[in-house]
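Source file: protein08.cif (mmCIF, C-alpha atoms)
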```cif
data_query
loop_
_atom_site.label_atom_id
_atom_site.label_comp_id
_atom_site.auth_asym_id
_atom_site.auth_seq_id
_atom_site.Cartn_x
_atom_site.Cartn_y
_atom_site.Cartn_z
CA MET A 1 5.82 22.72 -49.26
CA LEU A 2 9.19 21.23 -49.99
CA ARG A 3 10.41 22.78 -46.78
CA THR A 4 7.57 21.22 -44.78
CA VAL A 5 8.36 17.85 -46.29
CA SER A 6 12.03 18.16 -45.49
CA VAL A 7 11.28 19.26 -41.91
CA LEU A 8 8.99 16.25 -41.52
CA ALA A 9 11.66 14.03 -43.00
CA ILE A 10 14.18 15.29 -40.46
CA PHE A 11 11.72 14.53 -37.69
CA ALA A 12 11.09 11.10 -39.12
CA LEU A 13 14.82 10.42 -39.14
CA ALA A 14 15.46 12.06 -35.80
CA THR A 15 12.88 10.20 -33.70
CA PRO A 16 14.38 6.68 -33.83
CA ALA A 17 17.87 8.13 -33.46
CA VAL A 18 16.84 9.85 -30.21
CA ALA A 19 15.21 6.72 -28.86
CA GLN A 20 18.41 4.81 -29.62
CA ASP A 21 20.47 7.42 -27.79
CA PHE A 22 18.48 6.78 -24.62
CA ASP A 23 18.84 3.05 -25.01
CA GLY A 24 22.40 3.36 -23.71
CA HIS A 25 21.25 5.46 -20.78
CA LEU A 26 18.58 2.92 -19.89
CA LYS A 27 21.08 0.07 -20.01
CA ALA A 28 23.60 2.04 -17.97
CA ARG A 29 21.26 3.07 -15.18
CA GLN A 30 19.61 -0.32 -14.97
CA GLY A 31 23.10 -1.82 -14.90
CA MET A 32 24.02 0.53 -12.08
CA PHE A 33 21.04 -0.63 -10.01
CA ARG A 34 21.94 -4.23 -10.84
CA ILE A 35 25.48 -3.62 -9.55
CA MET A 36 23.95 -2.25 -6.34
CA ALA A 37 21.58 -5.23 -6.02
CA ILE A 38 24.37 -7.78 -6.52
CA ASN A 39 26.59 -6.17 -3.89
CA LEU A 40 23.65 -5.79 -1.51
CA GLY A 41 22.78 -9.42 -2.16
CA ILE A 42 26.25 -10.59 -1.10
CA ILE A 43 25.80 -8.84 2.24
CA GLY A 44 22.07 -9.54 2.57
CA ASP A 45 22.47 -13.28 2.02
CA MET A 46 25.05 -13.34 4.80
CA ALA A 47 22.76 -11.29 7.08
CA LYS A 48 19.85 -13.66 6.41
CA GLY A 49 22.03 -16.67 7.06
CA ASP A 50 21.62 -17.96 3.49
CA ALA A 51 25.38 -17.60 2.91
CA GLU A 52 28.47 -18.11 5.11
CA TYR A 53 29.81 -14.88 6.56
CA ASP A 54 33.01 -13.83 4.78
CA ALA A 55 34.49 -10.60 6.14
CA GLU A 56 36.53 -9.82 3.05
CA MET A 57 33.61 -10.37 0.65
CA ALA A 58 31.29 -8.31 2.83
CA GLN A 59 33.81 -5.48 2.99
CA THR A 60 34.36 -5.52 -0.78
CA ALA A 61 30.64 -5.43 -1.44
CA ALA A 62 30.12 -2.53 0.98
CA ASP A 63 33.06 -0.63 -0.54
CA ASN A 64 31.48 -1.10 -3.96
CA LEU A 65 28.17 0.32 -2.75
CA VAL A 66 29.94 3.37 -1.38
CA ALA A 67 31.81 3.78 -4.68
CA VAL A 68 28.54 3.72 -6.65
CA SER A 69 27.00 6.24 -4.25
CA GLN A 70 29.84 8.65 -5.02
CA THR A 71 28.84 8.92 -8.69
CA ASN A 72 26.18 11.41 -9.78
CA PRO A 73 23.23 9.37 -11.07
CA LEU A 74 21.59 12.26 -12.92
CA VAL A 75 23.86 11.89 -15.95
CA LEU A 76 22.08 8.59 -16.58
CA PHE A 77 18.66 10.30 -16.47
CA PRO A 78 18.55 12.78 -19.38
CA GLU A 79 15.34 14.77 -19.93
CA GLY A 80 12.85 12.78 -21.99
CA SER A 81 13.89 9.35 -20.71
CA SER A 82 10.93 8.82 -18.37
CA SER A 83 8.48 5.92 -18.34
CA GLU A 84 6.00 8.24 -20.04
CA ALA A 85 8.29 8.83 -23.01
CA LEU A 86 9.90 5.41 -23.36
CA GLU A 87 9.19 1.70 -23.08
CA GLY A 88 11.40 -0.40 -20.84
CA THR A 89 11.90 2.06 -17.99
CA ARG A 90 10.06 2.66 -14.72
CA ALA A 91 11.61 6.09 -14.15
CA LEU A 92 8.64 8.34 -13.34
CA PRO A 93 8.41 11.85 -14.81
CA ALA A 94 8.43 13.23 -11.23
CA ILE A 95 12.22 12.68 -11.22
CA TRP A 96 12.78 15.65 -13.51
CA ASP A 97 10.59 17.97 -11.42
CA ASN A 98 12.50 17.08 -8.24
CA THR A 99 16.15 16.55 -9.14
CA ASP A 100 17.30 18.23 -5.89
CA ASP A 101 15.20 15.86 -3.84
CA LEU A 102 16.44 12.92 -5.90
CA LEU A 103 20.05 13.91 -5.20
CA ALA A 104 19.26 14.34 -1.49
CA LYS A 105 17.81 10.82 -1.45
CA TRP A 106 20.85 9.54 -3.33
CA SER A 107 23.15 11.08 -0.76
CA ALA A 108 21.06 9.45 1.99
CA PHE A 109 21.84 6.17 0.24
CA GLY A 110 25.53 7.15 0.31
CA GLU A 111 25.38 7.76 4.06
CA ALA A 112 23.65 4.44 4.68
CA ALA A 113 26.21 2.65 2.49
CA GLY A 114 28.96 4.37 4.50
CA GLY A 115 27.43 3.00 7.70
CA LEU A 116 27.45 -0.47 6.20
CA GLN A 117 31.06 -0.02 5.05
CA GLN A 118 32.16 0.73 8.62
CA VAL A 119 30.77 -2.48 10.10
CA ALA A 120 30.85 -4.94 7.19
CA GLY A 121 34.02 -6.61 8.47
CA ASP A 122 32.81 -6.87 12.07
CA GLY A 123 30.86 -10.12 11.79
CA ARG A 124 27.50 -11.34 10.61
CA GLU A 125 25.46 -9.77 13.45
CA ALA A 126 26.55 -6.26 12.47
CA LEU A 127 25.15 -6.59 8.93
CA GLY A 128 21.40 -6.70 9.55
CA PRO A 129 21.10 -3.45 11.52
CA ALA A 130 23.34 -1.61 9.02
CA LEU A 131 21.33 -2.92 6.06
CA GLY A 132 18.12 -1.38 7.43
CA PRO A 133 19.01 2.22 6.58
CA VAL A 134 20.21 1.12 3.12
CA GLY A 135 16.84 -0.49 2.43
CA ASP A 136 15.07 2.61 3.71
CA ALA A 137 17.13 4.78 1.36
CA CYS A 138 16.28 2.53 -1.62
CA SER A 139 12.58 2.59 -0.76
CA ALA A 140 12.45 6.34 -0.14
CA CYS A 141 13.47 6.91 -3.74
CA HIS A 142 11.50 4.05 -5.32
CA ASP A 143 8.45 5.17 -3.41
CA GLU A 144 8.30 8.45 -5.30
CA TYR A 145 10.27 8.01 -8.47
CA ARG A 146 9.80 4.45 -9.72
CA ALA A 147 6.65 2.96 -11.24
CA SER A 148 5.28 -0.30 -9.80
CA ASN A 149 6.09 -3.60 -11.48
CA GLU A 150 4.60 -4.03 -14.95
CA MET B 1 -59.69 -1.90 -13.82
CA ILE B 2 -56.83 -0.03 -15.46
CA ARG B 3 -56.96 2.36 -12.55
CA ALA B 4 -56.67 -0.51 -10.13
CA ILE B 5 -53.65 -1.88 -12.00
CA LEU B 6 -52.00 1.55 -12.04
CA LEU B 7 -52.69 1.98 -8.36
CA GLY B 8 -51.32 -1.48 -7.74
CA LEU B 9 -48.17 -0.70 -9.75
CA ALA B 10 -47.71 2.58 -7.93
CA ALA B 11 -48.07 0.78 -4.61
CA LEU B 12 -45.55 -1.83 -5.75
CA ALA B 13 -43.11 0.89 -6.83
CA CYS B 14 -43.48 2.53 -3.42
CA LEU B 15 -42.92 -0.82 -1.72
CA ALA B 16 -39.88 -1.55 -3.88
CA GLY B 17 -38.53 1.92 -3.12
CA ALA B 18 -39.18 1.45 0.58
CA ALA B 19 -37.62 -2.01 0.49
CA GLY B 20 -34.62 -0.54 -1.34
CA LEU B 21 -34.24 2.20 1.25
CA TRP B 22 -34.64 -0.33 4.04
CA LEU B 23 -32.10 -2.71 2.50
CA THR B 24 -29.51 -0.01 1.84
CA ARG B 25 -29.80 1.64 5.26
CA ALA B 26 -26.73 2.02 7.45
CA HIS B 27 -26.09 -0.62 10.11
CA PRO B 28 -24.11 0.90 12.99
CA VAL B 29 -23.08 -1.50 15.77
CA GLU B 30 -25.43 -1.84 18.74
CA ALA B 31 -24.26 0.31 21.65
CA ALA B 32 -24.48 -2.58 24.14
CA ARG B 33 -21.93 -4.64 22.17
CA PHE B 34 -18.96 -2.42 23.09
CA GLU B 35 -20.19 -1.11 26.44
CA GLY B 36 -18.28 -3.59 28.59
CA LEU B 37 -15.00 -3.29 26.69
CA THR B 38 -11.98 -1.30 27.85
CA GLY B 39 -9.27 -0.67 25.29
CA ASP B 40 -5.57 -1.27 25.93
CA ALA B 41 -3.58 1.46 24.13
CA GLU B 42 -0.38 -0.59 24.08
CA ALA B 43 -2.04 -3.50 22.29
CA GLY B 44 -3.72 -0.89 20.10
CA GLN B 45 -0.37 0.41 18.93
CA THR B 46 0.57 -2.95 17.38
CA LEU B 47 -2.85 -3.15 15.73
CA PHE B 48 -2.44 0.42 14.46
CA THR B 49 0.96 -0.42 12.94
CA ALA B 50 -0.24 -3.66 11.36
CA ALA B 51 -3.36 -1.97 9.98
CA GLY B 52 -1.25 0.80 8.46
CA CYS B 53 -3.71 3.52 9.57
CA ALA B 54 -1.02 6.20 9.46
CA SER B 55 0.15 5.25 5.98
CA CYS B 56 -3.08 6.61 4.50
CA HIS B 57 -4.12 9.15 7.15
CA HIS B 58 -0.88 11.08 7.77
CA ALA B 59 -0.59 14.38 5.92
CA PRO B 60 0.86 14.23 2.40
CA ASP B 61 4.69 14.21 2.52
CA ALA B 62 4.80 13.82 6.33
CA GLU B 63 8.07 12.21 7.48
CA GLY B 64 9.15 10.58 10.74
CA ASP B 65 7.05 11.29 13.82
CA ALA B 66 4.82 13.66 11.82
CA ARG B 67 3.32 10.46 10.37
CA LEU B 68 1.54 9.96 13.69
CA VAL B 69 -0.43 13.16 13.14
CA LEU B 70 -3.45 11.72 11.34
CA ALA B 71 -4.45 14.98 9.66
CA GLY B 72 -5.55 13.33 6.40
CA GLY B 73 -5.28 14.94 2.97
CA GLN B 74 -3.59 12.17 0.97
CA ARG B 75 -5.38 11.56 -2.33
CA PHE B 76 -6.30 8.11 -3.65
CA PRO B 77 -7.36 8.08 -7.30
CA SER B 78 -9.59 5.24 -8.52
CA GLU B 79 -11.86 4.63 -11.47
CA PHE B 80 -14.78 5.84 -9.34
CA GLY B 81 -13.19 9.17 -8.48
CA THR B 82 -10.51 10.49 -6.14
CA PHE B 83 -10.88 9.77 -2.44
CA VAL B 84 -9.17 12.04 0.08
CA ALA B 85 -8.25 10.54 3.46
CA PRO B 86 -9.98 12.46 6.28
CA ASN B 87 -8.58 13.80 9.56
CA ILE B 88 -8.85 10.98 12.13
CA SER B 89 -6.70 12.67 14.77
CA PRO B 90 -8.25 13.10 18.26
CA ASP B 91 -9.12 16.76 17.57
CA PRO B 92 -12.73 17.06 18.81
CA ASP B 93 -13.84 19.26 15.86
CA ALA B 94 -11.66 18.52 12.84
CA GLY B 95 -10.90 14.93 13.81
CA ILE B 96 -12.71 12.11 15.63
CA GLY B 97 -11.99 13.14 19.22
CA GLY B 98 -15.70 13.61 19.89
CA TRP B 99 -16.57 10.04 18.95
CA SER B 100 -17.60 7.22 21.28
CA LEU B 101 -16.15 3.70 21.03
CA THR B 102 -19.45 2.66 19.42
CA ASP B 103 -19.08 5.40 16.77
CA PHE B 104 -15.54 4.22 16.10
CA ALA B 105 -16.56 0.55 15.89
CA SER B 106 -19.41 1.43 13.50
CA ALA B 107 -16.91 3.20 11.27
CA VAL B 108 -14.22 0.52 11.35
CA ILE B 109 -16.24 -2.70 11.08
CA ARG B 110 -19.43 -1.45 9.40
CA GLY B 111 -18.29 1.56 7.36
CA VAL B 112 -20.93 3.79 8.96
CA SER B 113 -20.35 7.37 10.17
CA PRO B 114 -21.72 8.67 13.51
CA GLU B 115 -24.36 10.52 11.44
CA GLY B 116 -25.44 7.21 9.91
CA ALA B 117 -23.96 7.74 6.42
CA HIS B 118 -22.10 5.03 4.53
CA TYR B 119 -18.36 5.46 4.06
CA TYR B 120 -16.84 4.61 0.69
CA PRO B 121 -14.92 1.32 0.77
CA ALA B 122 -11.66 3.13 -0.07
CA PHE B 123 -11.58 2.93 3.74
CA PRO B 124 -10.94 -0.83 4.05
CA TYR B 125 -13.69 -1.66 6.55
CA THR B 126 -14.41 -4.66 4.34
CA ALA B 127 -11.18 -6.10 5.80
CA TYR B 128 -11.42 -4.60 9.32
CA THR B 129 -14.92 -6.10 9.69
CA ARG B 130 -13.13 -9.39 10.50
CA LEU B 131 -11.47 -7.92 13.62
CA GLU B 132 -12.33 -9.00 17.16
CA ASP B 133 -14.32 -6.46 19.19
CA GLN B 134 -11.47 -6.19 21.71
CA ASP B 135 -9.06 -5.27 18.88
CA VAL B 136 -11.35 -2.43 17.86
CA ALA B 137 -11.48 -1.17 21.46
CA ASP B 138 -7.65 -1.37 21.73
CA LEU B 139 -7.18 0.50 18.46
CA TRP B 140 -9.55 3.22 19.66
CA ALA B 141 -7.61 3.54 22.93
CA PHE B 142 -4.35 4.00 21.03
CA LEU B 143 -5.74 6.51 18.51
CA GLN B 144 -6.77 8.75 21.39
CA THR B 145 -3.13 9.00 22.53
CA LEU B 146 -2.01 10.55 19.21
CA PRO B 147 -1.50 14.29 18.59
CA GLU B 148 -4.44 16.44 17.49
CA SER B 149 -4.61 18.23 14.16
CA ASP B 150 -7.12 20.97 13.35
CA ALA B 151 -6.78 20.45 9.57
CA GLN B 152 -10.24 20.27 8.00
CA SER B 153 -11.04 17.07 6.08
CA ILE B 154 -11.24 17.59 2.33
CA PRO B 155 -14.31 16.26 0.47
CA HIS B 156 -13.89 13.30 -1.90
CA GLU B 157 -13.97 14.10 -5.61
CA VAL B 158 -16.52 11.55 -6.73
CA ALA B 159 -18.95 12.22 -9.60
CA PHE B 160 -22.52 10.98 -10.20
CA PRO B 161 -23.65 8.22 -9.77
CA PHE B 162 -20.91 7.24 -7.29
CA ASN B 163 -21.62 10.33 -5.17
CA ILE B 164 -24.89 8.73 -4.00
CA ARG B 165 -23.83 7.39 -0.61
CA ARG B 166 -26.98 5.29 -0.36
CA ALA B 167 -25.67 3.21 -3.28
CA VAL B 168 -22.79 2.16 -0.99
CA GLY B 169 -25.49 0.47 1.13
CA ALA B 170 -26.39 -1.72 -1.86
CA TRP B 171 -22.69 -2.32 -2.49
CA LYS B 172 -22.26 -3.50 1.09
CA LEU B 173 -25.08 -6.02 0.65
CA LEU B 174 -22.97 -7.57 -2.11
CA TYR B 175 -19.47 -7.26 -0.68
CA LEU B 176 -19.37 -6.61 3.09
CA ARG B 177 -18.72 -10.07 4.57
CA ASN B 178 -17.03 -10.86 7.83
CA GLU B 179 -16.23 -14.52 7.09
CA TRP B 180 -12.58 -15.43 6.57
CA ILE B 181 -11.46 -16.12 3.00
CA ARG B 182 -9.00 -18.94 3.72
CA PRO B 183 -9.00 -21.78 6.25
CA ALA B 184 -6.32 -21.63 8.95
CA GLU B 185 -5.22 -24.94 10.44
CA SER B 186 -2.60 -23.76 12.94
CA THR B 187 -2.11 -20.90 15.39
CA GLU B 188 0.51 -19.42 13.08
CA LEU B 189 -1.81 -19.56 10.06
CA GLU B 190 -4.56 -17.97 12.13
CA ARG B 191 -2.27 -15.11 13.06
CA GLY B 192 -1.17 -14.78 9.43
CA ARG B 193 -4.80 -14.74 8.36
CA THR B 194 -5.67 -11.98 10.84
CA LEU B 195 -2.77 -9.92 9.52
CA VAL B 196 -3.38 -10.56 5.81
CA GLU B 197 -7.19 -10.65 5.59
CA ALA B 198 -8.09 -8.15 8.31
CA LEU B 199 -5.41 -5.79 9.66
CA ALA B 200 -2.96 -5.25 6.82
CA HIS B 201 -5.83 -5.54 4.29
CA CYS B 202 -3.45 -7.04 1.69
CA GLY B 203 -6.36 -8.10 -0.52
CA GLU B 204 -7.36 -4.48 -1.17
CA CYS B 205 -4.47 -4.08 -3.61
CA HIS B 206 -3.36 -7.66 -4.36
CA THR B 207 -6.81 -9.00 -5.30
CA PRO B 208 -8.52 -7.99 -8.57
CA ARG B 209 -11.89 -6.20 -8.46
CA ASP B 210 -15.04 -6.67 -10.49
CA ALA B 211 -16.89 -3.95 -12.42
CA LEU B 212 -18.54 -2.66 -9.23
CA GLY B 213 -15.24 -2.46 -7.38
CA GLY B 214 -15.87 -5.53 -5.19
CA LEU B 215 -12.98 -7.89 -4.53
CA ARG B 216 -13.10 -11.06 -6.66
CA THR B 217 -12.45 -13.38 -3.73
CA GLY B 218 -12.22 -16.34 -6.13
CA ALA B 219 -8.98 -14.77 -7.39
CA TRP B 220 -7.79 -13.93 -3.85
CA LEU B 221 -4.33 -12.27 -3.87
CA ALA B 222 -3.89 -13.16 -7.55
CA GLY B 223 -2.61 -9.68 -8.47
CA ALA B 224 -4.43 -6.69 -9.92
CA PRO B 225 -3.95 -3.44 -11.80
CA ASN B 226 -2.67 -0.67 -9.52
CA PRO B 227 -5.68 1.50 -8.58
CA SER B 228 -3.49 4.59 -9.04
CA GLY B 229 -3.11 3.57 -12.70
CA ASP B 230 0.62 2.97 -12.31
CA GLY B 231 1.52 -0.59 -13.33
CA THR B 232 0.38 -3.80 -11.66
CA ILE B 233 0.27 -5.08 -8.08
CA PRO B 234 1.86 -8.55 -8.19
CA SER B 235 0.15 -11.86 -7.52
CA LEU B 236 1.07 -13.73 -4.32
CA ARG B 237 -0.27 -17.09 -5.54
CA PRO B 238 2.18 -20.02 -5.65
CA GLU B 239 2.18 -20.21 -9.46
CA ASP B 240 3.37 -16.59 -9.62
CA LEU B 241 5.50 -16.10 -6.51
CA ASP B 242 8.31 -18.61 -5.97
CA TRP B 243 9.84 -16.95 -2.89
CA SER B 244 10.52 -19.10 0.17
CA ALA B 245 8.83 -18.31 3.48
CA SER B 246 12.06 -16.76 4.76
CA ASP B 247 12.32 -14.63 1.59
CA ILE B 248 8.81 -13.27 2.27
CA ALA B 249 9.52 -12.59 5.94
CA TYR B 250 12.81 -10.88 5.09
CA TYR B 251 11.10 -8.77 2.43
CA LEU B 252 8.53 -7.60 4.97
CA GLU B 253 11.33 -6.71 7.39
CA SER B 254 13.85 -5.10 5.04
CA GLY B 255 12.02 -4.30 1.80
CA PHE B 256 14.55 -6.39 -0.12
CA THR B 257 13.34 -8.97 -2.64
CA PRO B 258 15.39 -12.19 -3.03
CA ASP B 259 17.20 -10.39 -5.91
CA PHE B 260 17.88 -7.43 -3.61
CA ASP B 261 15.64 -5.11 -5.50
CA SER B 262 13.69 -2.96 -3.05
CA ALA B 263 10.05 -2.22 -2.41
CA GLY B 264 8.51 0.96 -3.79
CA GLY B 265 5.13 2.65 -4.00
CA HIS B 266 2.64 1.92 -1.25
CA MET B 267 4.47 -1.34 -0.50
CA ALA B 268 7.37 0.71 0.91
CA ALA B 269 4.94 2.03 3.54
CA VAL B 270 3.66 -1.49 4.22
CA VAL B 271 7.24 -2.72 4.76
CA ALA B 272 7.97 0.22 7.08
CA ASN B 273 5.00 -0.92 9.17
CA PHE B 274 5.83 -4.63 9.08
CA ALA B 275 9.43 -3.89 10.07
CA GLN B 276 8.04 -2.68 13.42
CA LEU B 277 6.08 -5.89 14.07
CA THR B 278 7.62 -9.03 15.57
CA ALA B 279 9.56 -11.58 13.54
CA ALA B 280 6.81 -14.07 14.48
CA ASP B 281 4.19 -11.83 12.83
CA ARG B 282 6.21 -11.54 9.63
CA GLU B 283 6.73 -15.32 9.62
CA ALA B 284 2.98 -15.82 10.12
CA VAL B 285 2.24 -13.74 7.02
CA ALA B 286 4.85 -15.73 5.11
CA ALA B 287 3.24 -18.99 6.26
CA TYR B 288 -0.19 -17.73 5.17
CA VAL B 289 1.11 -16.72 1.74
CA LYS B 290 2.92 -20.05 1.29
CA ALA B 291 -0.32 -21.87 2.17
CA LEU B 292 -2.29 -20.21 -0.65
CA PRO B 293 -3.55 -22.83 -3.12
CA PRO B 294 -2.60 -22.69 -6.80
CA GLU B 295 -5.33 -21.11 -8.89
#
```

Structure rendered as structure tokens:
Amino acid sequence: MLRTVSVLAIFALATPAVAQDFDGHLKARQGMFRIMAINLGIIGDMAKGDAEYDAEMAQTAADNLVAVSQTNPLVLFPEGSSSEALEGTRALPAIWDNTDDLLAKWSAFGEAAGGLQQVAGDGREALGPALGPVGDACSACHDEYRASNE
Amino acid sequence: MIRAILLGLAALACLAGAAGLWLTRAHPVEAARFEGLTGDAEAGQTLFTAAGCASCHHAPDAEGDARLVLAGGQRFPSEFGTFVAPNISPDPDAGIGGWSLTDFASAVIRGVSPEGAHYYPAFPYTAYTRLEDQDVADLWAFLQTLPESDAQSIPHEVAFPFNIRRAVGAWKLLYLRNEWIRPAESTELERGRTLVEALAHCGECHTPRDALGGLRTGAWLAGAPNPSGDGTIPSLRPEDLDWSASDIAYYLESGFTPDFDSAGGHMAAVVANFAQLTAADREAVAAYVKALPPE
């Protein structure tokens, strides 16, 4: 009896601690996507004509995207941190059944970012066509592994 | 006397039943209506892309050119059951290669099969019913140029009472309307309206439904729960969406929101289709969305 109670007590203590552990992961991965969005935005606003073209800024932003693509995102997605288990995330459980596919899609993003990096300094007209594959790479992953807007 | 009343009631019940059967019967298009029309496959290709036919009818997980093989098999869960997209490739047995233009038109604008059965409105004929006859003929011409697939169509998984196809006839009396939802005061708005209300059938996901699954046109494009049960489809009404017209057009081309987040879910497929249309078409949709009134 005492043992049951103590086991339950451990569970009771453990649950919030685990949730807190993932809080850092959620912040980190959402921050990573925010970093990507901000850098994409610098280039995208130039491509759209909403911002003046600035070769150095465009190159820096593209370099940043490539740098992010060279990290392994899976460390930010520990088991049990899906949208089914936690509030505040749209990471679908399918991620953990398809980590190879997720990494393949991530490397497709890396390739597209590399294409952007090569032309970012070449003038405004080069940006739009190179952004297309980046958007496709984002969507390919979101399509399968991210829940729709709440 | 009692006997006469009973007989009268029985007769009334028969009449009501007959009236019900008559009212819920299938209405294919008249053969003469499409007889004089010749489809243009090239024009049909644009219609096909805008209507997103392949997005639902390609095989599950098909990528690239395989998306033009309309083998069916993708599953669409809803609160009425799970619908499975059929094979609409030109295969004469497994697909629709044996159909006439009239059969095709009956399916697309009336939701009626060549055998005279009602289709479930998971197939958005409620939107396609607003198409011009020539558009239907063009679409049919293009579909016939696509590769054949001999994959057998998979039956829908729909339980009683929704498995009674005749009930769809009653549903159509309530919800199958070919009038436009919004006025269009310019050529651009008219084009936007054709894309939004008919071809791209935006309302199917962006407009909430009532208890019978009919679109609540009074809350047109005001957002709705995702039919797949995953989150919410956003509202496009001005009080909810503050994007500029160029933001909307750019989103439809690139999938990037003004914050450079990217489209996901079925919207990623919609963007892939819109990216292949002209800039003028994307701008027309943006103009239509910007012209929506506040609720």

> Smallest atom-to-atom distance to B:Arg237: which of B:Ser254, B:Thr126, B:Thr24, B:Thr207, using only C-alpha atoms?
Replying inline: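 Smallest distance to B:Arg237 is found for B:Thr207.
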
> What is the distance between atom CA of A:Ala112 and atom CA of A:Arg124, in Å to one decimal?
Replying inline: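 One can read the atom CA of A:Ala112 to atom CA of A:Arg124 distance as 17.3 Å.
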
>> Once the PyMOL selection byres ((chain A) within 9 of (chain B)) is applied to the coordinates I shared, what remains selected? I want it as a list in words.
In response: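 Applied to this file, the PyMOL selection byres ((chain A) within 9 of (chain B)) returns Phe33, Arg34, Met36, Ala37, Ile38, Asn39, Leu40, Gly41, Gly44, Asp45, Lys48, Gly128, Leu131, Gly132, Gly135, Asp136, Cys138, Ser139, Ala140, Cys141, His142, Asp143, Glu144, Tyr145, Arg146, Ala147, Ser148, Asn149 and Glu150 of chain A.
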
>> Can you spell out as a count of residues only the set of residues that the PyMOL selection byres ((chain B and resi 163) around 12) selects in the structure I just provided?
In response: 20

>> Between atom CA of B:Glu190 and atom CA of A:Asp50, what distance in Å does the model show, to one decimal?
In response: 27.6 Å
